[in-house]
$ cat target-v1.txt   # compact mmCIF, C-alpha atoms and all ligand atoms
# COMPACT_ATOMS: atom_id res chain seq x y z
CA MET A 1 19.52 -28.87 -24.78
CA LYS A 2 16.43 -27.44 -23.07
CA ASN A 3 15.63 -23.74 -22.78
CA ALA A 4 14.41 -22.37 -19.47
CA LEU A 5 13.10 -18.89 -18.78
CA ILE A 6 13.34 -17.78 -15.15
CA THR A 7 11.49 -14.70 -13.89
CA GLY A 8 12.94 -13.35 -10.64
CA ILE A 9 16.36 -14.66 -11.66
CA SER A 10 18.24 -12.12 -9.50
CA GLY A 11 16.49 -13.26 -6.31
CA GLN A 12 17.44 -15.95 -3.82
CA ASP A 13 15.66 -18.87 -5.52
CA GLY A 14 16.41 -17.59 -9.03
CA SER A 15 20.14 -17.83 -8.34
CA TYR A 16 20.11 -21.38 -6.95
CA LEU A 17 17.76 -22.53 -9.69
CA THR A 18 20.05 -21.01 -12.34
CA GLU A 19 23.00 -22.96 -10.90
CA LEU A 20 20.96 -26.17 -10.95
CA LEU A 21 19.72 -25.72 -14.52
CA LEU A 22 23.16 -24.76 -15.85
CA GLU A 23 24.57 -27.92 -14.23
CA LYS A 24 21.86 -29.89 -16.03
CA GLY A 25 22.85 -28.36 -19.38
CA TYR A 26 19.95 -25.95 -19.88
CA ASN A 27 20.17 -22.67 -21.79
CA VAL A 28 19.08 -20.24 -19.10
CA TYR A 29 17.21 -17.05 -19.95
CA GLY A 30 16.41 -14.58 -17.19
CA LEU A 31 13.72 -11.93 -17.15
CA PHE A 32 15.46 -8.99 -15.59
CA ARG A 33 14.38 -5.53 -14.42
CA ARG A 34 16.57 -2.61 -15.33
CA ARG A 35 18.32 -1.33 -12.18
CA SER A 36 19.75 2.13 -11.66
CA THR A 37 22.86 0.55 -10.15
CA GLY A 38 23.26 -1.88 -13.04
CA GLU A 39 23.85 -4.88 -10.79
CA TYR A 40 22.83 -8.50 -11.35
CA GLY A 41 21.87 -9.30 -7.74
CA ASN A 42 22.40 -12.92 -6.67
CA VAL A 43 23.40 -14.04 -10.17
CA ALA A 44 26.29 -11.59 -10.66
CA HIS A 45 28.72 -14.57 -10.54
CA LEU A 46 26.82 -16.25 -13.41
CA ALA A 47 26.17 -13.17 -15.55
CA ASP A 48 28.19 -14.42 -18.54
CA LYS A 49 26.23 -17.70 -18.63
CA ILE A 50 22.72 -16.22 -18.62
CA HIS A 51 20.78 -14.67 -21.49
CA PHE A 52 19.22 -11.65 -19.81
CA ILE A 53 16.00 -10.23 -21.23
CA TYR A 54 14.69 -6.93 -19.93
CA GLY A 55 11.14 -7.21 -18.69
CA ASP A 56 8.70 -6.70 -15.87
CA MET A 57 5.75 -8.75 -14.63
CA SER A 58 3.49 -5.75 -15.02
CA ASP A 59 4.38 -5.33 -18.72
CA LEU A 60 2.60 -7.90 -20.90
CA SER A 61 4.53 -6.88 -24.02
CA SER A 62 7.86 -7.64 -22.33
CA LEU A 63 6.57 -11.07 -21.24
CA ILE A 64 5.51 -11.90 -24.79
CA THR A 65 8.89 -10.79 -26.12
CA ALA A 66 10.72 -12.84 -23.46
CA ILE A 67 8.85 -15.98 -24.50
CA ILE A 68 9.46 -15.38 -28.20
CA GLU A 69 13.18 -14.74 -27.58
CA SER A 70 13.78 -17.65 -25.21
CA ASN A 71 11.51 -20.23 -26.89
CA PRO A 72 11.27 -21.97 -23.51
CA ASP A 73 10.60 -25.61 -22.74
CA GLU A 74 10.14 -24.57 -19.12
CA ILE A 75 9.27 -21.30 -17.38
CA TYR A 76 9.87 -20.80 -13.67
CA ASN A 77 7.83 -17.85 -12.44
CA LEU A 78 9.68 -16.70 -9.35
CA ALA A 79 9.28 -12.93 -9.77
CA ALA A 80 7.38 -11.27 -6.95
CA GLN A 81 7.21 -8.48 -4.44
CA SER A 82 8.06 -11.19 -1.93
CA TYR A 83 8.34 -9.29 1.34
CA VAL A 84 5.11 -9.80 3.30
CA ALA A 85 5.63 -6.78 5.60
CA VAL A 86 5.86 -4.38 2.63
CA SER A 87 2.66 -5.74 1.12
CA TRP A 88 0.64 -3.63 3.59
CA ALA A 89 2.53 -0.52 2.47
CA GLU A 90 2.21 -1.41 -1.24
CA PRO A 91 -0.90 -3.59 -1.59
CA LEU A 92 -1.77 -2.55 -5.13
CA PHE A 93 1.76 -2.90 -6.48
CA THR A 94 2.04 -6.28 -4.75
CA ASN A 95 -1.13 -7.39 -6.46
CA ASP A 96 -0.06 -6.03 -9.88
CA VAL A 97 3.17 -8.03 -9.78
CA ASN A 98 2.25 -11.17 -7.82
CA GLY A 99 -1.36 -11.56 -8.94
CA ALA A 100 -2.19 -9.83 -12.23
CA GLY A 101 1.41 -10.38 -13.40
CA VAL A 102 0.87 -14.13 -13.30
CA ALA A 103 -2.30 -13.85 -15.39
CA LYS A 104 -0.28 -11.81 -17.91
CA LEU A 105 2.47 -14.41 -18.01
CA LEU A 106 0.01 -17.29 -18.48
CA GLU A 107 -1.80 -15.38 -21.22
CA ALA A 108 1.53 -14.78 -22.96
CA VAL A 109 2.39 -18.50 -22.71
CA LYS A 110 -1.04 -19.44 -24.05
CA LEU A 111 -0.64 -17.11 -27.03
CA VAL A 112 3.00 -17.75 -27.90
CA LYS A 113 3.99 -21.25 -26.74
CA PRO A 114 1.20 -23.12 -24.95
CA ASP A 115 3.16 -26.38 -24.66
CA THR A 116 5.67 -24.71 -22.28
CA ARG A 117 5.80 -26.26 -18.82
CA VAL A 118 5.24 -23.54 -16.21
CA TYR A 119 6.17 -23.48 -12.54
CA GLN A 120 4.25 -21.01 -10.34
CA ALA A 121 5.79 -19.96 -7.02
CA SER A 122 2.88 -20.40 -4.63
CA THR A 123 3.44 -20.07 -0.91
CA SER A 124 2.54 -21.30 2.56
CA GLU A 125 1.44 -17.69 3.26
CA MET A 126 -1.80 -18.72 1.52
CA PHE A 127 -2.59 -20.87 4.60
CA GLY A 128 -2.30 -17.75 6.81
CA LYS A 129 -4.60 -18.29 9.76
CA VAL A 130 -4.12 -22.00 9.52
CA GLN A 131 -7.15 -24.25 9.40
CA GLN A 132 -5.16 -27.48 9.97
CA ILE A 133 -1.81 -28.51 11.41
CA PRO A 134 0.24 -29.56 9.51
CA GLN A 135 -0.79 -27.95 6.22
CA SER A 136 -1.02 -30.05 3.05
CA GLU A 137 -2.37 -29.63 -0.50
CA THR A 138 -5.92 -30.17 0.80
CA THR A 139 -5.81 -27.65 3.67
CA PRO A 140 -8.22 -24.70 3.14
CA PHE A 141 -6.56 -21.33 2.55
CA TYR A 142 -6.96 -18.23 4.75
CA PRO A 143 -4.41 -15.59 3.69
CA ARG A 144 -3.54 -12.88 6.22
CA SER A 145 -1.69 -10.25 4.18
CA PRO A 146 -2.07 -8.47 0.83
CA TYR A 147 0.90 -10.61 -0.24
CA GLY A 148 -0.92 -13.83 0.71
CA VAL A 149 -4.08 -12.69 -1.08
CA SER A 150 -2.16 -11.79 -4.26
CA LYS A 151 -0.45 -15.19 -4.25
CA LEU A 152 -3.77 -16.97 -3.74
CA TYR A 153 -5.15 -15.28 -6.87
CA ALA A 154 -2.03 -16.38 -8.75
CA HIS A 155 -2.40 -19.94 -7.44
CA TRP A 156 -5.99 -20.20 -8.63
CA ILE A 157 -5.42 -18.54 -12.00
CA ALA A 158 -2.55 -21.00 -12.57
CA LYS A 159 -4.85 -23.93 -11.78
CA ASN A 160 -7.50 -22.36 -13.96
CA TYR A 161 -5.20 -22.20 -17.01
CA ARG A 162 -4.22 -25.82 -16.34
CA GLU A 163 -7.85 -26.90 -16.33
CA SER A 164 -9.23 -24.54 -19.00
CA TYR A 165 -6.51 -24.88 -21.63
CA ASN A 166 -4.88 -28.15 -20.65
CA MET A 167 -1.61 -26.30 -20.07
CA PHE A 168 1.21 -27.85 -18.00
CA VAL A 169 1.17 -25.46 -15.02
CA SER A 170 2.39 -26.72 -11.65
CA CYS A 171 2.23 -24.83 -8.37
CA GLY A 172 4.78 -25.37 -5.63
CA ILE A 173 3.32 -24.39 -2.27
CA LEU A 174 6.68 -23.72 -0.70
CA PHE A 175 7.18 -23.07 2.99
CA ASN A 176 9.81 -20.55 4.13
CA HIS A 177 13.22 -21.27 2.71
CA GLU A 178 16.36 -19.36 3.42
CA SER A 179 20.07 -19.19 2.67
CA GLN A 180 23.05 -16.86 2.72
CA ARG A 181 21.50 -15.22 -0.37
CA ARG A 182 18.30 -14.29 1.49
CA GLY A 183 17.49 -10.57 1.63
CA LYS A 184 18.52 -9.01 4.95
CA GLU A 185 14.97 -7.77 5.62
CA PHE A 186 13.71 -11.34 6.19
CA VAL A 187 13.88 -12.48 9.79
CA THR A 188 16.40 -15.34 9.44
CA ARG A 189 19.01 -13.33 7.56
CA LYS A 190 18.39 -10.28 9.74
CA ILE A 191 19.17 -12.50 12.74
CA THR A 192 22.29 -14.20 11.32
CA ASN A 193 23.69 -10.95 9.95
CA THR A 194 23.09 -9.02 13.19
CA VAL A 195 24.53 -11.86 15.29
CA ALA A 196 27.69 -11.69 13.16
CA LYS A 197 27.83 -7.90 13.64
CA ILE A 198 27.38 -8.31 17.41
CA LYS A 199 30.18 -10.89 17.43
CA TYR A 200 32.55 -8.38 15.79
CA GLY A 201 31.37 -5.44 17.94
CA LYS A 202 29.77 -3.62 14.99
CA THR A 203 26.39 -3.34 16.72
CA ASP A 204 25.16 -4.15 20.19
CA CYS A 205 21.54 -5.29 19.89
CA LEU A 206 19.14 -7.22 17.65
CA TYR A 207 15.63 -5.70 17.44
CA LEU A 208 12.77 -8.01 16.46
CA GLY A 209 8.97 -8.09 16.32
CA ASN A 210 6.92 -11.20 17.08
CA LEU A 211 9.22 -13.79 18.68
CA ASP A 212 6.40 -16.33 19.04
CA SER A 213 5.61 -16.85 15.37
CA LYS A 214 6.52 -20.32 14.15
CA ARG A 215 7.91 -21.18 10.76
CA ASP A 216 8.88 -24.34 8.88
CA TRP A 217 12.30 -23.23 7.58
CA GLY A 218 14.21 -25.09 4.86
CA HIS A 219 17.13 -24.29 2.55
CA SER A 220 16.53 -22.67 -0.84
CA LYS A 221 18.87 -25.15 -2.56
CA ASP A 222 16.66 -28.08 -1.54
CA TYR A 223 13.54 -26.20 -2.61
CA VAL A 224 14.64 -25.19 -6.13
CA TYR A 225 15.38 -28.87 -6.76
CA ALA A 226 11.73 -29.58 -5.93
CA MET A 227 10.66 -26.91 -8.47
CA TRP A 228 12.65 -28.64 -11.19
CA LYS A 229 11.27 -32.06 -10.21
CA MET A 230 7.71 -30.73 -10.48
CA LEU A 231 8.27 -29.79 -14.12
CA GLN A 232 9.81 -33.20 -14.91
CA HIS A 233 6.78 -35.01 -13.45
CA THR A 234 4.36 -36.73 -15.82
CA GLU A 235 1.47 -34.41 -14.94
CA PRO A 236 1.01 -30.84 -13.74
CA ASP A 237 -0.07 -30.68 -10.11
CA ASP A 238 0.24 -28.81 -6.79
CA PHE A 239 2.85 -29.83 -4.24
CA VAL A 240 3.61 -28.72 -0.70
CA ILE A 241 7.35 -28.42 -0.11
CA ALA A 242 8.38 -28.24 3.56
CA THR A 243 10.57 -29.88 6.19
CA GLY A 244 7.66 -30.85 8.47
CA LYS A 245 9.33 -29.19 11.49
CA THR A 246 8.40 -25.85 12.98
CA TYR A 247 10.35 -23.47 15.23
CA THR A 248 9.68 -20.09 16.81
CA VAL A 249 11.63 -16.98 15.84
CA ARG A 250 12.96 -17.12 19.42
CA GLU A 251 14.39 -20.60 18.79
CA PHE A 252 16.04 -19.40 15.58
CA VAL A 253 17.67 -16.57 17.57
CA GLU A 254 18.96 -19.04 20.18
CA ALA A 255 20.40 -21.33 17.49
CA ALA A 256 22.13 -18.40 15.73
CA PHE A 257 23.76 -17.07 18.92
CA LEU A 258 24.84 -20.60 19.91
CA CYS A 259 26.81 -20.79 16.64
CA VAL A 260 29.01 -17.93 17.92
CA GLY A 261 29.27 -19.39 21.43
CA ILE A 262 26.65 -17.17 23.09
CA ASN A 263 23.93 -18.72 25.25
CA ILE A 264 20.80 -16.54 25.25
CA VAL A 265 18.38 -16.56 28.20
CA TRP A 266 15.02 -14.78 28.00
CA GLN A 267 13.48 -12.36 30.50
CA GLY A 268 10.17 -10.49 30.53
CA LYS A 269 7.07 -10.90 28.39
CA GLY A 270 5.61 -9.38 25.20
CA ALA A 271 7.09 -5.99 24.32
CA ASN A 272 9.29 -6.18 27.43
CA GLU A 273 10.89 -9.49 26.56
CA CYS A 274 14.63 -9.42 26.02
CA GLY A 275 17.39 -11.90 25.26
CA ILE A 276 20.38 -11.76 27.58
CA ASP A 277 23.88 -13.21 27.19
CA ALA A 278 23.95 -15.79 30.01
CA GLU A 279 27.66 -15.15 30.60
CA THR A 280 28.09 -11.36 30.33
CA LYS A 281 24.47 -10.47 31.29
CA LYS A 282 24.37 -7.98 28.40
CA THR A 283 21.00 -7.49 26.67
CA LEU A 284 21.50 -8.59 23.06
CA VAL A 285 17.89 -8.94 21.83
CA LYS A 286 15.00 -6.51 22.31
CA VAL A 287 11.43 -6.36 21.03
CA ASP A 288 10.42 -3.38 18.89
CA ASN A 289 6.64 -2.95 18.65
CA LYS A 290 6.98 -1.28 15.25
CA LEU A 291 8.08 -4.62 13.79
CA TYR A 292 4.77 -6.32 14.58
CA ARG A 293 2.46 -6.82 11.57
CA PRO A 294 -1.18 -5.70 11.24
CA ALA A 295 -2.14 -9.39 10.99
CA GLU A 296 0.17 -12.29 11.71
CA VAL A 297 0.62 -15.82 10.41
CA GLU A 298 1.25 -17.51 13.74
CA LEU A 299 2.19 -21.05 12.78
CA LEU A 300 3.32 -22.78 9.61
CA MET A 301 4.22 -26.45 9.42
CA GLY A 302 4.02 -28.31 6.12
CA ASP A 303 3.22 -31.89 5.22
CA SER A 304 5.16 -32.75 2.05
CA THR A 305 4.15 -36.43 1.91
CA LYS A 306 2.78 -36.00 -1.64
CA ALA A 307 6.09 -34.59 -2.93
CA GLN A 308 7.99 -37.34 -1.15
CA LYS A 309 5.85 -40.04 -2.76
CA LEU A 310 5.38 -38.65 -6.28
CA LEU A 311 8.59 -36.67 -6.76
CA ASN A 312 10.89 -38.59 -4.42
CA TRP A 313 11.79 -35.21 -2.90
CA TYR A 314 13.29 -34.93 0.58
CA PRO A 315 15.02 -31.94 2.23
CA LYS A 316 18.72 -32.35 3.05
CA TYR A 317 19.06 -29.39 5.42
CA ASN A 318 17.63 -29.15 8.94
CA LEU A 319 17.39 -26.02 11.09
CA GLN A 320 20.87 -26.47 12.60
CA SER A 321 22.67 -26.93 9.27
CA LEU A 322 20.69 -24.04 7.74
CA VAL A 323 21.55 -21.66 10.60
CA LYS A 324 25.19 -22.74 10.53
CA CYS A 325 25.72 -22.04 6.84
CA MET A 326 23.99 -18.66 7.13
CA ILE A 327 26.03 -17.67 10.19
CA ASP A 328 29.32 -18.85 8.64
CA ASN A 329 28.59 -16.72 5.59
CA ASP A 330 27.68 -13.64 7.65
CA LEU A 331 30.73 -14.02 9.90
CA GLU A 332 32.90 -14.02 6.78
CA LEU A 333 31.03 -11.02 5.38
CA GLU A 334 31.27 -8.94 8.57
CA LYS A 335 34.83 -9.92 9.55
P1 LIG A 401 13.33 -12.71 -3.81
O1 LIG A 401 14.72 -13.03 -3.39
O2 LIG A 401 12.66 -11.52 -3.19
O3 LIG A 401 13.35 -12.51 -5.41
C1 LIG A 401 12.27 -11.92 -6.07
C2 LIG A 401 12.65 -11.73 -7.52
O4 LIG A 401 11.53 -11.15 -8.21
C3 LIG A 401 13.83 -10.76 -7.73
O5 LIG A 401 14.64 -11.25 -8.77
C4 LIG A 401 13.14 -9.46 -8.17
O6 LIG A 401 13.94 -8.66 -9.01
C5 LIG A 401 12.00 -10.06 -9.00
N1 LIG A 401 10.91 -9.09 -9.20
C6 LIG A 401 10.24 -8.38 -8.28
N2 LIG A 401 9.30 -7.62 -8.87
C7 LIG A 401 9.39 -7.86 -10.20
C8 LIG A 401 8.70 -7.37 -11.33
N3 LIG A 401 7.73 -6.45 -11.21
N4 LIG A 401 9.03 -7.85 -12.54
C9 LIG A 401 10.04 -8.73 -12.69
N5 LIG A 401 10.75 -9.22 -11.64
C10 LIG A 401 10.41 -8.79 -10.41
O7 LIG A 401 12.37 -13.96 -3.58
P2 LIG A 401 12.71 -15.51 -3.38
O8 LIG A 401 12.89 -15.78 -1.93
O9 LIG A 401 13.77 -15.89 -4.35
O10 LIG A 401 11.33 -16.18 -3.79
C11 LIG A 401 11.06 -16.55 -5.14
C12 LIG A 401 9.56 -16.69 -5.32
O11 LIG A 401 9.05 -17.68 -4.43
C13 LIG A 401 8.75 -15.43 -5.04
O12 LIG A 401 7.66 -15.43 -5.93
C14 LIG A 401 8.25 -15.64 -3.62
O13 LIG A 401 7.07 -14.90 -3.40
C15 LIG A 401 8.02 -17.14 -3.62
N6 LIG A 401 8.15 -17.81 -2.33
C16 LIG A 401 9.25 -17.62 -1.58
C17 LIG A 401 9.38 -18.32 -0.39
C18 LIG A 401 10.59 -18.14 0.47
O14 LIG A 401 10.52 -18.50 1.66
N7 LIG A 401 11.69 -17.66 -0.05
C19 LIG A 401 8.37 -19.21 0.01
C20 LIG A 401 7.27 -19.39 -0.82
C21 LIG A 401 7.17 -18.70 -2.00
P3 LIG A 401 14.88 -7.48 -8.42
O15 LIG A 401 16.17 -8.16 -8.05
O16 LIG A 401 14.99 -6.57 -9.58
O17 LIG A 401 14.17 -6.89 -7.24
N1 LIG A 402 11.06 -9.76 8.56
C1 LIG A 402 10.95 -9.75 9.89
N2 LIG A 402 11.69 -8.86 10.61
N3 LIG A 402 10.13 -10.65 10.48
C2 LIG A 402 10.07 -10.67 11.82
C3 LIG A 402 10.80 -9.77 12.62
C4 LIG A 402 11.65 -8.82 11.98
O1 LIG A 402 12.32 -8.01 12.61
N4 LIG A 402 10.54 -10.06 13.92
C5 LIG A 402 9.68 -11.07 13.93
N5 LIG A 402 9.38 -11.44 12.67
C6 LIG A 402 8.44 -12.50 12.29
C7 LIG A 402 7.37 -12.06 11.29
O2 LIG A 402 6.32 -11.34 11.97
C8 LIG A 402 6.94 -13.42 10.74
O3 LIG A 402 5.99 -14.01 11.61
C9 LIG A 402 8.22 -14.25 10.77
O4 LIG A 402 9.15 -13.53 11.61
C10 LIG A 402 8.86 -14.51 9.41
O5 LIG A 402 8.96 -13.27 8.73
P1 LIG A 402 9.76 -13.14 7.33
O6 LIG A 402 11.13 -13.70 7.48
O7 LIG A 402 9.63 -11.73 6.88
O8 LIG A 402 9.01 -14.16 6.36
P2 LIG A 402 7.45 -14.45 6.10
O9 LIG A 402 7.13 -15.74 6.75
O10 LIG A 402 6.62 -13.27 6.43
O11 LIG A 402 7.42 -14.59 4.52
C11 LIG A 402 8.38 -15.40 3.83
O12 LIG A 402 7.91 -16.72 3.71
C12 LIG A 402 6.75 -16.87 2.88
C13 LIG A 402 6.39 -18.36 2.90
O13 LIG A 402 5.64 -18.65 4.03
C14 LIG A 402 8.65 -14.75 2.46
O14 LIG A 402 9.74 -15.41 1.86
C15 LIG A 402 7.45 -14.89 1.54
O15 LIG A 402 7.80 -14.43 0.24
C16 LIG A 402 7.06 -16.37 1.48
O16 LIG A 402 5.95 -16.55 0.64

$ encode --input "target-v1.txt" --output "C-alpha cells" --more "lines below"
Ligand code: NAP
Ligand code: GDD
Amino acid sequence: MKNALITGISGQDGSYLTELLLEKGYNVYGLFRRRSTGEYGNVAHLADKIHFIYGDMSDLSSLITAIIESNPDEIYNLAAQSYVAVSWAEPLFTNDVNGAGVAKLLEAVKLVKPDTRVYQASTSEMFGKVQQIPQSETTPFYPRSPYGVSKLYAHWIAKNYRESYNMFVSCGILFNHESQRRGKEFVTRKITNTVAKIKYGKTDCLYLGNLDSKRDWGHSKDYVYAMWKMLQHTEPDDFVIATGKTYTVREFVEAAFLCVGINIVWQGKGANECGIDAETKKTLVKVDNKLYRPAEVELLMGDSTKAQKLLNWYPKYNLQSLVKCMIDNDLELEK
C-alpha cells in the first residue's frame, strides 16, 4: 500500500485526486488549513477516509511534520492561492504560498525523505502573453499576473531540485480544468451557476468581464489522472495537459444557456455588448468593466502530444460534456 500526501486536498483537484488514489488503494494524507467554519471543503464526503494533517504552505515546520507523519511515496503539491484575479490584490501572499511555499516543500522533502516522488501543479498561466500557438513544453513563458509569475518561480525551483539533487519532481503544465466542484468565482462555474439561477428565476442577469478571452477547458477528473500517471512514469519530466481545443468565454456562455433551452444572440461591442434571449428578447448577459483584469491572458491552447505519447493520456471530456455536467449539477443545486 502506497502513502500519498496531497496539499490542497480540499480544493477541486485535491478532491478528485483523493477519489482516484483511494480507488487505487493508497493511504491518503491531506495537508489541511484550519478553518473557522470547521468544514472539509470538496472532500467532506471522504473525511473519514483521509488522514488530515494541519499545515500551511507558508509554514516550513508544518511541511516537515506532514512528511514525517505521512512517510509519503508520492506528494501532490496542489495547494495554491489559485485565483488569478485576486493575485493583483494579494501579490505577496500569492507569492508566499505559490512560489516560496514550493521551495519550502521541496526543502522539506530533501531533508526528510528525498526519494519521494513529487508532483508540482504548474499552469498554462505561465504562457501568459503566448509566444506560440498551440503551447507545448518548449514554448517560452511570458506570465501576465502575479499568480503566473509565482507559479513560474515554482516551476523552475521544482526543475532545479530535480537537476541539483536528482529528486523525482515532475511538473504538470495543466490548462484550465473545471467541474461541478470548481469555485464559483471562476468564470465557468460562475456561468453555469448563474444560468441555473436565471432558469429558476432567482436572478435575472449574468455579469462578465472579457468575453473574448479564449481558454482550453478540460475536466478536472481527466487531469488528476494525468498527475498520477506522471508520478508512475519512469523519469521525472514536464508535461502539458490540455484538450487542444480553445473556446471564447462567449462560446462557453452560449453552450451553457443552450443546455437550458435558451438561445443567446449578441448585440453591441466591448463594454456595451450584451447577450439576449432570442425568444423573449430579455437581456440575460451584460459586461461589467470592473471584471476586466489589469493584464489579460488572451488565448490558451495546449499541445499535449508528449503526454499522449509517453503517458498514454487522453482527455475523455469535451466542452459540451463538461458544460452539461456542470449545468446539471447547478440545476440540481438551485432547484
Ligand atoms: P483550488 O480549488 O483553488 O484549491 C486550492 C487548494 O489549496 C485548497 O485546498 C486550498 O485550501 C489550498 N491552499 C490555499 N492556500 C494554502 C496554503 N497557504 N496552505 C495550504 N493549503 C492552501 O484549486 P484547484 O483548481 O484544485 O487547483 C489545484 C492546483 O492546480 C493549484 O495549485 C492551481 O494553481 C493549479 N492549477 C489549476 C488549474 C485549474 O484550471 N484548475 C490549472 C493549472 C494549475 P482551502 O480550502 O483551505 O482554501
Ligand atoms: N473569473 C472570472 N470572472 N473570469 C472572467 C469573468 C468573470 O466574471 N469574465 C471574463 N472572465 C475571463 C477572465 O478575464 C479570463 O480571461 C477567463 O475568463 C478565465 O478566467 P478564470 O476562470 O478566472 O480562470 P483563469 O484562466 O484566470 O485561471 C484558471 O486557469 C489557470 C490555468 O490557465 C485558474 O484555475 C488558475 O489557477 C489556473 O492556473

$ residues_near_ligand --input "target-v1.txt" --ligand "ligand LIG 401 (chain A)" --cutoff "8 Å" --atoms "only C-alpha atoms and all ligand atoms" --output "PyMOL selection string"
chain A and resi 7-15+31-35+40-42+55-58+77-83+96-98+101+120-125+151+172-178+181-183+217+220

$ write_last_selection --input "target-v1.txt" --atoms "C-alpha atoms" --output "compact mmCIF listing (two decimals), keeping the file's coordinate frame"
# COMPACT_ATOMS: atom_id res chain seq x y z
CA THR A 7 11.49 -14.70 -13.89
CA GLY A 8 12.94 -13.35 -10.64
CA ILE A 9 16.36 -14.66 -11.66
CA SER A 10 18.24 -12.12 -9.50
CA GLY A 11 16.49 -13.26 -6.31
CA GLN A 12 17.44 -15.95 -3.82
CA ASP A 13 15.66 -18.87 -5.52
CA GLY A 14 16.41 -17.59 -9.03
CA SER A 15 20.14 -17.83 -8.34
CA LEU A 31 13.72 -11.93 -17.15
CA PHE A 32 15.46 -8.99 -15.59
CA ARG A 33 14.38 -5.53 -14.42
CA ARG A 34 16.57 -2.61 -15.33
CA ARG A 35 18.32 -1.33 -12.18
CA TYR A 40 22.83 -8.50 -11.35
CA GLY A 41 21.87 -9.30 -7.74
CA ASN A 42 22.40 -12.92 -6.67
CA GLY A 55 11.14 -7.21 -18.69
CA ASP A 56 8.70 -6.70 -15.87
CA MET A 57 5.75 -8.75 -14.63
CA SER A 58 3.49 -5.75 -15.02
CA ASN A 77 7.83 -17.85 -12.44
CA LEU A 78 9.68 -16.70 -9.35
CA ALA A 79 9.28 -12.93 -9.77
CA ALA A 80 7.38 -11.27 -6.95
CA GLN A 81 7.21 -8.48 -4.44
CA SER A 82 8.06 -11.19 -1.93
CA TYR A 83 8.34 -9.29 1.34
CA ASP A 96 -0.06 -6.03 -9.88
CA VAL A 97 3.17 -8.03 -9.78
CA ASN A 98 2.25 -11.17 -7.82
CA GLY A 101 1.41 -10.38 -13.40
CA GLN A 120 4.25 -21.01 -10.34
CA ALA A 121 5.79 -19.96 -7.02
CA SER A 122 2.88 -20.40 -4.63
CA THR A 123 3.44 -20.07 -0.91
CA SER A 124 2.54 -21.30 2.56
CA GLU A 125 1.44 -17.69 3.26
CA LYS A 151 -0.45 -15.19 -4.25
CA GLY A 172 4.78 -25.37 -5.63
CA ILE A 173 3.32 -24.39 -2.27
CA LEU A 174 6.68 -23.72 -0.70
CA PHE A 175 7.18 -23.07 2.99
CA ASN A 176 9.81 -20.55 4.13
CA HIS A 177 13.22 -21.27 2.71
CA GLU A 178 16.36 -19.36 3.42
CA ARG A 181 21.50 -15.22 -0.37
CA ARG A 182 18.30 -14.29 1.49
CA GLY A 183 17.49 -10.57 1.63
CA TRP A 217 12.30 -23.23 7.58
CA SER A 220 16.53 -22.67 -0.84

$ residues_near_ligand --input "target-v1.txt" --ligand "ligand LIG 402 (chain A)" --cutoff "7 Å" --atoms "only C-alpha atoms and all ligand atoms" --output "PDB file with C-alpha atoms, keeping the file's coordinate frame"
ATOM      1  CA  SER A  82       8.060 -11.190  -1.930  1.00  0.00           C
ATOM      2  CA  TYR A  83       8.340  -9.290   1.340  1.00  0.00           C
ATOM      3  CA  VAL A  84       5.110  -9.800   3.300  1.00  0.00           C
ATOM      4  CA  ALA A  85       5.630  -6.780   5.600  1.00  0.00           C
ATOM      5  CA  THR A 123       3.440 -20.070  -0.910  1.00  0.00           C
ATOM      6  CA  SER A 124       2.540 -21.300   2.560  1.00  0.00           C
ATOM      7  CA  GLU A 125       1.440 -17.690   3.260  1.00  0.00           C
ATOM      8  CA  LEU A 174       6.680 -23.720  -0.700  1.00  0.00           C
ATOM      9  CA  PHE A 175       7.180 -23.070   2.990  1.00  0.00           C
ATOM     10  CA  ASN A 176       9.810 -20.550   4.130  1.00  0.00           C
ATOM     11  CA  HIS A 177      13.220 -21.270   2.710  1.00  0.00           C
ATOM     12  CA  GLU A 185      14.970  -7.770   5.620  1.00  0.00           C
ATOM     13  CA  PHE A 186      13.710 -11.340   6.190  1.00  0.00           C
ATOM     14  CA  VAL A 187      13.880 -12.480   9.790  1.00  0.00           C
ATOM     15  CA  THR A 188      16.400 -15.340   9.440  1.00  0.00           C
ATOM     16  CA  LYS A 190      18.390 -10.280   9.740  1.00  0.00           C
ATOM     17  CA  TYR A 207      15.630  -5.700  17.440  1.00  0.00           C
ATOM     18  CA  LEU A 208      12.770  -8.010  16.460  1.00  0.00           C
ATOM     19  CA  GLY A 209       8.970  -8.090  16.320  1.00  0.00           C
ATOM     20  CA  ASN A 210       6.920 -11.200  17.080  1.00  0.00           C
ATOM     21  CA  LEU A 211       9.220 -13.790  18.680  1.00  0.00           C
ATOM     22  CA  SER A 213       5.610 -16.850  15.370  1.00  0.00           C
ATOM     23  CA  LYS A 214       6.520 -20.320  14.150  1.00  0.00           C
ATOM     24  CA  ARG A 215       7.910 -21.180  10.760  1.00  0.00           C
ATOM     25  CA  VAL A 249      11.630 -16.980  15.840  1.00  0.00           C
ATOM     26  CA  LEU A 291       8.080  -4.620  13.790  1.00  0.00           C
ATOM     27  CA  TYR A 292       4.770  -6.320  14.580  1.00  0.00           C
ATOM     28  CA  ARG A 293       2.460  -6.820  11.570  1.00  0.00           C
ATOM     29  CA  GLU A 296       0.170 -12.290  11.710  1.00  0.00           C
ATOM     30  CA  VAL A 297       0.620 -15.820  10.410  1.00  0.00           C
ATOM     31  CA  GLU A 298       1.250 -17.510  13.740  1.00  0.00           C
TER      32      GLU A 298
END

$ residues_around --input "target-v1.txt" --residues "segment 133-140 of chain A" --least-positions-apart "4" --cutoff "8 Å" --atoms "all atoms listed in the file" --output "VMD selection string"
chain A and resid 127 173 238 to 240 244 300 to 304

$ residues_near_point --input "target-v1.txt" --point "(-3.1, -10.5, 4.1)" --cutoff "9 Å" --atoms "all atoms listed in the file" --output "compact mmCIF listing (two decimals) with C-alpha atoms, in the coordinates of the input"
# COMPACT_ATOMS: atom_id res chain seq x y z
CA VAL A 84 5.11 -9.80 3.30
CA SER A 87 2.66 -5.74 1.12
CA TRP A 88 0.64 -3.63 3.59
CA GLU A 125 1.44 -17.69 3.26
CA MET A 126 -1.80 -18.72 1.52
CA GLY A 128 -2.30 -17.75 6.81
CA TYR A 142 -6.96 -18.23 4.75
CA PRO A 143 -4.41 -15.59 3.69
CA ARG A 144 -3.54 -12.88 6.22
CA SER A 145 -1.69 -10.25 4.18
CA PRO A 146 -2.07 -8.47 0.83
CA TYR A 147 0.90 -10.61 -0.24
CA GLY A 148 -0.92 -13.83 0.71
CA VAL A 149 -4.08 -12.69 -1.08
CA SER A 150 -2.16 -11.79 -4.26
CA PRO A 294 -1.18 -5.70 11.24
CA ALA A 295 -2.14 -9.39 10.99
CA GLU A 296 0.17 -12.29 11.71
